[in-house]
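Data first, discussion second: the structure below is written as structure tokens.
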Amino acid sequence: MVKFFFLLIFTLRIYNLSAQTVKISGFVRSGNQSLPSAAIQLKNINQEILFYGFSEDNGDYSISGDLDQSIKFFLIASYIGYKRDTLIISRNELLKTNFFQYNFNLTEDKKQLDEIYIKAPPAVEVNNDTTKYNVLRFTSPEDRNLESVIKKMPGMDVNKDGTIFFKGKKISKVLLEGDDLTGEGYKAITKNLKPEFVEEIQALEHYVEDDLLKGIINSDDIVLNLKVRNKRARKIVGSVDGGLGTNDSRQLSANLISFIDKTKTFAFANHNNLNSESNSNILDLVDENRKFTGNNQIIKHEIDTYNPFDDKMYSLSNTTQGSLNAITRLSDKFKINYSLFYSWSKLMGQTSIENIYFTPNNTYTKNSDNRTSVDKIFKADFSADYLIKNNARFVSKFTYKQEPKNFNIAAFSIYNNIAGDSVSQNQQDLNRTFNGLLKYTIKANKRTAYLFSARILADGVNQDYLVNSNLYENMPIFIGSNSLLQEVDNRNFKLKIDAEALKRYDTSFLYFNLGNEINHFRINSNLFSANQRSIGGDYVNNNLFKMNQTYLTAKYVYDNQPVKIIAQLKSTLQFLKNMGKDSTYYTFEPNITFSYRPGQVQHISLTYNYRNNNPQPIEYYKNYILTDIRNFSSGLTNFYNYNMHSVNLDYGFNDFANSYFNLNVSVNGNYSKYGFLYTNFFNNTLNYSEKQPYKGIRALSSNINAKKFIPFLSMSLTVTYAPSITNYYSQFGNGARKYTALSQSLGAKINTGFNLPINFGLGTDLLLNRTKSEGNSIAKSNAYKYSFEYRYKISPKIFNYSSFNIYRMNNQNFNLIDTEFQYNPVKGNFKYSLQGKNLANLKAFSNLNINEVSSTNYSSSILGRYFMLNVSMSVK
């Protein structure tokens with residue numbers, strides 16, 4: 001042990017002697033004029049760059065890094081239009097102190113100025129399948145995270161949940177210098193990383209993650225790759241933000257990127273009680289396991305503001321969360337990824353809900369309540385990627401997630417203007433999920449590969465739902481009890497084994513996929529009175545859903561630009577068993593896509609899909625389950641599969657290099673001969689809802705998005721229009737009726753960027769909904785949002801940003817006014833801001849929603865006015 005200790009000390013000593021870290025600082029000037037963005041380099045005796053940096057706006061520079069074994073070094077300063085200056089330094093001079101200082105004074109090079117043409121780097125650059133965005137050209141002072149910058153980039157769109165789209169197609173991952181640290185949970189990076197640390201964003205089309213499969217598969221995946229500033233300095237960079245304000249408002253956040261040795265890391269943490277964008281759950285995005293996992297919860301309660309445009313932004317909240325994502329390359333052939341995520345979130349709100357149920361019931365209910373929910377999430381991921389040999393790779397991935405949740409309501413409920421009753425609800429959920437993946441890939445030759453994989457899921461949800469109210473006491477079905485306890489226990493297990501063969505013939509690609517999937521899902525529920533006595537068999541479910549399916553998929557791709565054809569046929573043999581019934585299905589599911597690219601900037605595609613659909617196992621339960629104060633629901637009483645025809649037409653015009661204009665249009669239609677009937681009825685003042693197989697489903701939707709970017713002013717103009725029409729069947733009272741719902745959303749906005757002295761933004765969003773039945777208007781709901789914002793650069797150091805939003809819902813206007821003053825000193829790493837939020841001191845939102853069953857008036861409290869002083873520090 002002693003020998004080992006001395007050996008360790010000796011090794012560390014040798015390392016310190018061979019790799020000394022130094023810091024060099026000073027300024028770059030020409031006479032009395034400071035030179036910003038001058039390049040500073042330190043080279044060794046072989047003229048190899050060890051580390052480098054650039055001078056600040058005031059001419060100051062600071063660079064640091066490790067020295068090699070050279071005895072002499074060259075410190076070089078260069079600036080366009082000036083003669084380069086080089087200082088020769090010995091190793092001893094650099095290591096005398098921790099800091100070495102040298103000031104450069106460059107002289108003008110008139111000959112160089114006569115010969116060169118200075119051109120600013122382009123905002124957007126297109127090179128085949130790679131589109132590069134200069135982040136600085138799209139960044140303005142109010143941008144607090146990378147996502148707000150991405151929204152301005154031509155060709156990019158960001159949904160409210162943080163999902164990013166490029167040319168109308170979903171981004172699957174966001175890479176950090178070529179490595180995937182977060183998977184489809186990339187919101188951790190885009191909503192937390194400061195744009196000042198990113199130099200360039202690359203949109204990579206036809207991305208293939210596994211190098212062994214490049215040239216063998218035809219990929220339509222799109223990812224973003226972030227190029228970080230000054231990563232060669234090999235140090236930790238990041239930022240820390242803190243703020244305190246009135247109304248007990250507070251926020252604290254930190255994020256970092258590190259490139260240390262063989263490990264690349266991104267981490268963030270934040271705490272606030274403001275319900276800002278940064279604390280949204282990064283797992284909200286559809287991850288790669290979502291389809292495999294499904295949804296295992298029956299009773300669902302959420303707290304949000306009843307605002308169709310910004311439903312989560314103004315809730316009363318208290319959130320703490322953070323994640324650590326890292327990748328370590330143990331060797332050229334072996335790397336591991338690991339991540340941890342933790343979130344604690346408390347939401348509060350006061351809500352009023354009025355329901356007027358139409359004839360034949362003519363029922364009126366009103367619930368006024370105080371709501372509180374506490375949600376916790378812990379998630380751990382580990383994956384290993386090992387290149388066994390030059391043509392074989394083994395990948396394993398394991399995920400564990402635990403989500404305990406608690407929901408409480410203290411309410412007052414009225415039924416048909418009868419004296420009301422107090423109601424209390426308490427819901428406790430515990431969800432545990434384990435996912436495992438093993439995959440082996442072998443590349444037989446340049447055009448052939450084989451993949452073998454196995455996936456496993458073990459998922460369990462416990463739900464305890466306790467309700468207390470006098471409204472139950474006089475109902476015979478509840479045997480005199482005013483307290484009801486419902487226990488639900490769901491257990492899910494899936495095993496999927498898969499084998500694939502991939503083959504390429506010049507411009508043709510062949511895929512064969514053979515697999516088997518086993519799914520066992522058990523639902524167990526019961527409703528008890530206060531003395532733990534079962535209410536009765538109508539509220540007991542004990543079902544085991546079993547599915548065993550074997551599938552064979554063949555896929556052919558012909559890609560000879562400008563024409564591309566994809567043809568796929570999937571055949572499945574499916575055995576189902578549940579509620580004492582057995583069913584066997586044998587299905588064929590064809591899919592064909594024809595696409596044509598008239599030129600580099602245009603794309604047209606037409607897709608037809610015929611698919612067999614069946615509900616998730618959790619929807620198969622026979623008896624009733626209590627889901628709210630007076631709402632019971634039942635699931636499907638028998639197996640039901642229906643076949644859906646779908647047609648999709650897409651057109652895209654994306655010219656970033658020349659006109660900075662992109663237009664994407666999509667039209668989607670689907671039809672099925674079979675569908676579902678939704679039935680609602682009242683009994684003993686309780687509402688019961690059922691779902692049963694019924695007649696067909698038809699839907700038609702479209703989305704049009706146009707965006708124009710003007711580089712000179714950094715101005716962008718965006719217009720989006722999305723209409724949809726859907727038919728369904730519903731029963732309320734006697735007889736089922738056909739309903740047709742028409743929804744339209746329209747958005748338009750213009751932003752002048754940040755190059756003018758005063759910049760502005762104008763926007764409008766409209767949501768229009770109509771429902772008809774048998775030619776009669778049944779329901780109507782309209783909502784409008786109008787936005788105005790301006791950005792004013794008062795001086796080089798002082799900046800003001802203000803926004804004014806008008807919401808018009810239910811013939812009422814709601815005004816939200818925000819403002820912010822920023823002070824950004826020329827020197828140092830600190831920035832300061834003073835924020836004023838909700839200056840009109842709006843207290844609540846209300847909205848009216850009318851459907852074929854009822855008219856519902858919602859009202860919910862929101863976060864009131866506050867002022868906050870913020871300090872931001874960059875770690876560079």
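Convention: chains lettered A, B, ... in structure tokens order; per-chain residue numbering from 1; ligands numbered from 1 as shown.
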
Each residue of stretch 611-679 of chain A with at least one atom at most 8 Å from stretch 512-523 of chain A should appear once, together with its nearest atom pair and the corresponding distance in Å (one decimal); atoms considered: only C-alpha atoms; ordering: chain, then increasing residue number; output as a tab-separated table.
```
residue	atom	partner	partner_atom	distance
A:Pro617	CA	A:Phe521	CA	6.5
A:Ile618	CA	A:Ile523	CA	7.3
A:Tyr621	CA	A:Ile523	CA	7.7
```

List the spatial neighbours of stretch 337-344 of chain A as JSON, numbers by chain - criterion: any atom at most 6 Å away, only C-alpha atoms, same-chain residues fewer than 4 positions off excluded. {"A": [319, 320, 321, 322, 323, 324, 325, 326, 327, 375, 376, 377, 378, 379, 380, 381, 382, 383]}

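The two atoms in question, atom CA of A:Lys346 and atom CA of A:Thr190, are spaced 23.3 Å apart.
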
Report as a compact mmCIF listing (two decimals) with N, CA, C and O atoms, in the first residue's frame all protein, DNA and RNA residues lying within 12 Å of A:Gly864, evaluated on only C-alpha atoms, omitting residues in the same chain fewer than 4 positions from it.
```
# COMPACT_ATOMS: atom_id res chain seq x y z
N THR A 246 -39.86 41.45 -5.33
CA THR A 246 -41.06 41.63 -4.51
C THR A 246 -41.97 40.42 -4.65
O THR A 246 -41.74 39.54 -5.49
N ASN A 247 -43.01 40.38 -3.82
CA ASN A 247 -43.98 39.28 -3.86
C ASN A 247 -43.30 37.93 -3.64
O ASN A 247 -43.71 36.91 -4.18
N ASP A 248 -42.18 37.98 -2.86
CA ASP A 248 -41.41 36.77 -2.53
C ASP A 248 -40.89 36.06 -3.77
O ASP A 248 -40.70 34.85 -3.79
N SER A 249 -40.65 36.79 -4.85
CA SER A 249 -40.15 36.18 -6.09
C SER A 249 -38.65 35.95 -5.99
O SER A 249 -37.91 36.78 -5.44
N ASN A 273 -39.62 30.38 -8.20
CA ASN A 273 -41.06 30.29 -7.93
C ASN A 273 -41.82 31.16 -8.92
O ASN A 273 -42.84 31.77 -8.59
N LEU A 274 -41.31 31.22 -10.18
CA LEU A 274 -41.88 32.09 -11.20
C LEU A 274 -42.51 31.32 -12.34
O LEU A 274 -43.11 31.92 -13.23
N TYR A 314 -48.03 31.09 -16.30
CA TYR A 314 -48.37 32.02 -15.22
C TYR A 314 -48.93 31.33 -13.99
O TYR A 314 -49.51 31.96 -13.13
N SER A 315 -48.77 30.02 -13.89
CA SER A 315 -49.23 29.31 -12.70
C SER A 315 -48.36 29.66 -11.50
O SER A 315 -47.19 30.03 -11.62
N LEU A 316 -48.95 29.54 -10.32
CA LEU A 316 -48.20 29.74 -9.09
C LEU A 316 -47.39 28.48 -8.83
O LEU A 316 -47.94 27.38 -8.73
N SER A 317 -46.07 28.64 -8.70
CA SER A 317 -45.23 27.45 -8.66
C SER A 317 -44.01 27.66 -7.78
O SER A 317 -43.65 28.77 -7.41
N LEU A 816 -51.33 41.67 -20.09
CA LEU A 816 -50.09 41.32 -19.40
C LEU A 816 -48.97 42.21 -19.93
O LEU A 816 -48.71 42.23 -21.13
N ILE A 817 -48.33 42.95 -19.04
CA ILE A 817 -47.28 43.90 -19.41
C ILE A 817 -46.00 43.54 -18.64
O ILE A 817 -46.02 43.41 -17.42
N ASP A 818 -44.91 43.37 -19.38
CA ASP A 818 -43.61 43.07 -18.78
C ASP A 818 -42.57 44.07 -19.30
O ASP A 818 -42.67 44.55 -20.42
N GLY A 836 -39.73 43.87 -14.40
CA GLY A 836 -41.06 44.10 -13.88
C GLY A 836 -42.02 43.21 -14.63
O GLY A 836 -42.14 43.30 -15.86
N LYS A 837 -42.71 42.31 -13.93
CA LYS A 837 -43.58 41.32 -14.57
C LYS A 837 -45.04 41.54 -14.16
O LYS A 837 -45.32 41.89 -13.01
N ASN A 838 -45.92 41.31 -15.13
CA ASN A 838 -47.36 41.45 -14.90
C ASN A 838 -47.67 42.81 -14.26
O ASN A 838 -48.33 42.89 -13.22
N LEU A 839 -47.20 43.89 -14.90
CA LEU A 839 -47.33 45.23 -14.32
C LEU A 839 -48.78 45.66 -14.18
O LEU A 839 -49.10 46.50 -13.33
N ALA A 840 -49.68 45.12 -15.00
CA ALA A 840 -51.10 45.44 -14.87
C ALA A 840 -51.74 44.68 -13.71
O ALA A 840 -52.91 44.91 -13.38
N ASN A 841 -50.96 43.79 -13.08
CA ASN A 841 -51.38 43.03 -11.90
C ASN A 841 -52.66 42.22 -12.16
O ASN A 841 -53.60 42.25 -11.39
N LEU A 842 -52.65 41.48 -13.27
CA LEU A 842 -53.76 40.59 -13.58
C LEU A 842 -53.80 39.46 -12.55
O LEU A 842 -52.77 38.87 -12.22
N LYS A 843 -54.99 39.15 -12.05
CA LYS A 843 -55.12 38.17 -10.98
C LYS A 843 -55.57 36.78 -11.46
O LYS A 843 -55.28 35.78 -10.82
N ALA A 844 -56.32 36.72 -12.57
CA ALA A 844 -56.85 35.44 -13.00
C ALA A 844 -57.19 35.47 -14.48
O ALA A 844 -57.41 36.54 -15.07
N PHE A 845 -57.21 34.28 -15.10
CA PHE A 845 -57.71 34.08 -16.45
C PHE A 845 -59.06 33.37 -16.37
O PHE A 845 -59.28 32.52 -15.50
```

Using only C-alpha atoms, determine which residues lie at most 8 Å from A:Tyr792, disregarding the query and same-chain residues fewer than 2 positions distant; provide the list as a ChimeraX atom specification. /A:757-759,790,794,799-801

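With only C-alpha atoms as the atoms that count, the residue of A:Ile629, A:Glu209, A:Thr718, A:Leu527 with the shortest distance to A:Ser368 is A:Ile629.
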
Skipping near chain neighbours, those fewer than 6 positions away, what residues fall within 8 Å of A:Arg229 using only C-alpha atoms, listed as an MDAnalysis selection string? chainID A and resid 197:199

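As for atom CA of A:Asp180 and atom CA of A:Arg144, they are spaced 22.8 Å apart.
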
Check which residues of stretch 201-276 of chain A sit at most 12 Å from stretch 451-455 of chain A using only C-alpha atoms, and return one row each with the closest pair of atoms and their distance in Å to one decimal, ordered by chain and rising number, as a tab-separated table.
```
residue	atom	partner	partner_atom	distance
A:Asp210	CA	A:Leu451	CA	11.5
A:Leu212	CA	A:Leu451	CA	10.9
A:Leu213	CA	A:Leu451	CA	10.1
```

Could you write out that same residue set with C-alpha atoms as an mmCIF file, in the first residue's frame?
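This went into selection08.cif:
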```cif
data_model
loop_
_atom_site.group_PDB
_atom_site.id
_atom_site.type_symbol
_atom_site.label_atom_id
_atom_site.label_comp_id
_atom_site.auth_asym_id
_atom_site.auth_seq_id
_atom_site.Cartn_x
_atom_site.Cartn_y
_atom_site.Cartn_z
ATOM 1 C CA ASP A 210 -23.856 4.592 -36.165
ATOM 2 C CA LEU A 212 -21.094 1.277 -39.388
ATOM 3 C CA LEU A 213 -24.410 1.960 -41.115
#
```

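For the atom pair formed by atom CA of A:Ser595 and atom CA of A:Asn703, the distance is 18.4 Å, given to one decimal.
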
Once DSSP has gone over the backbone, tell me which residues of stretch 591-836 of chain A are in strand (DSSP E or B), as a PyMOL selection string. chain A and resi 591-596+602-613+625-626+631-633+642-655+661-672+675-683+686-694+697-710+715-732+736-751+758-773+776-793+798-809+812-823+830-836

Can you list, as an MDAnalysis selection string, every protein, DNA or RNA residue that comes within 7 Å of A:Met715 when you count only C-alpha atoms, leaving out same-chain residues fewer than 3 positions away? chainID A and resid 709:711 751:753

Among listed residues A:Ile604, A:Ile257, A:Ile456, A:Ile565, nearest A:Asn591 (using only C-alpha atoms): A:Ile565

Taking only stretch 459-662 of chain A into account, list the residues labelled helix (DSSP H, G or I) by DSSP (computed from the backbone), as a PyMOL selection string. chain A and resi 470-472+476-478+537-539+617-619
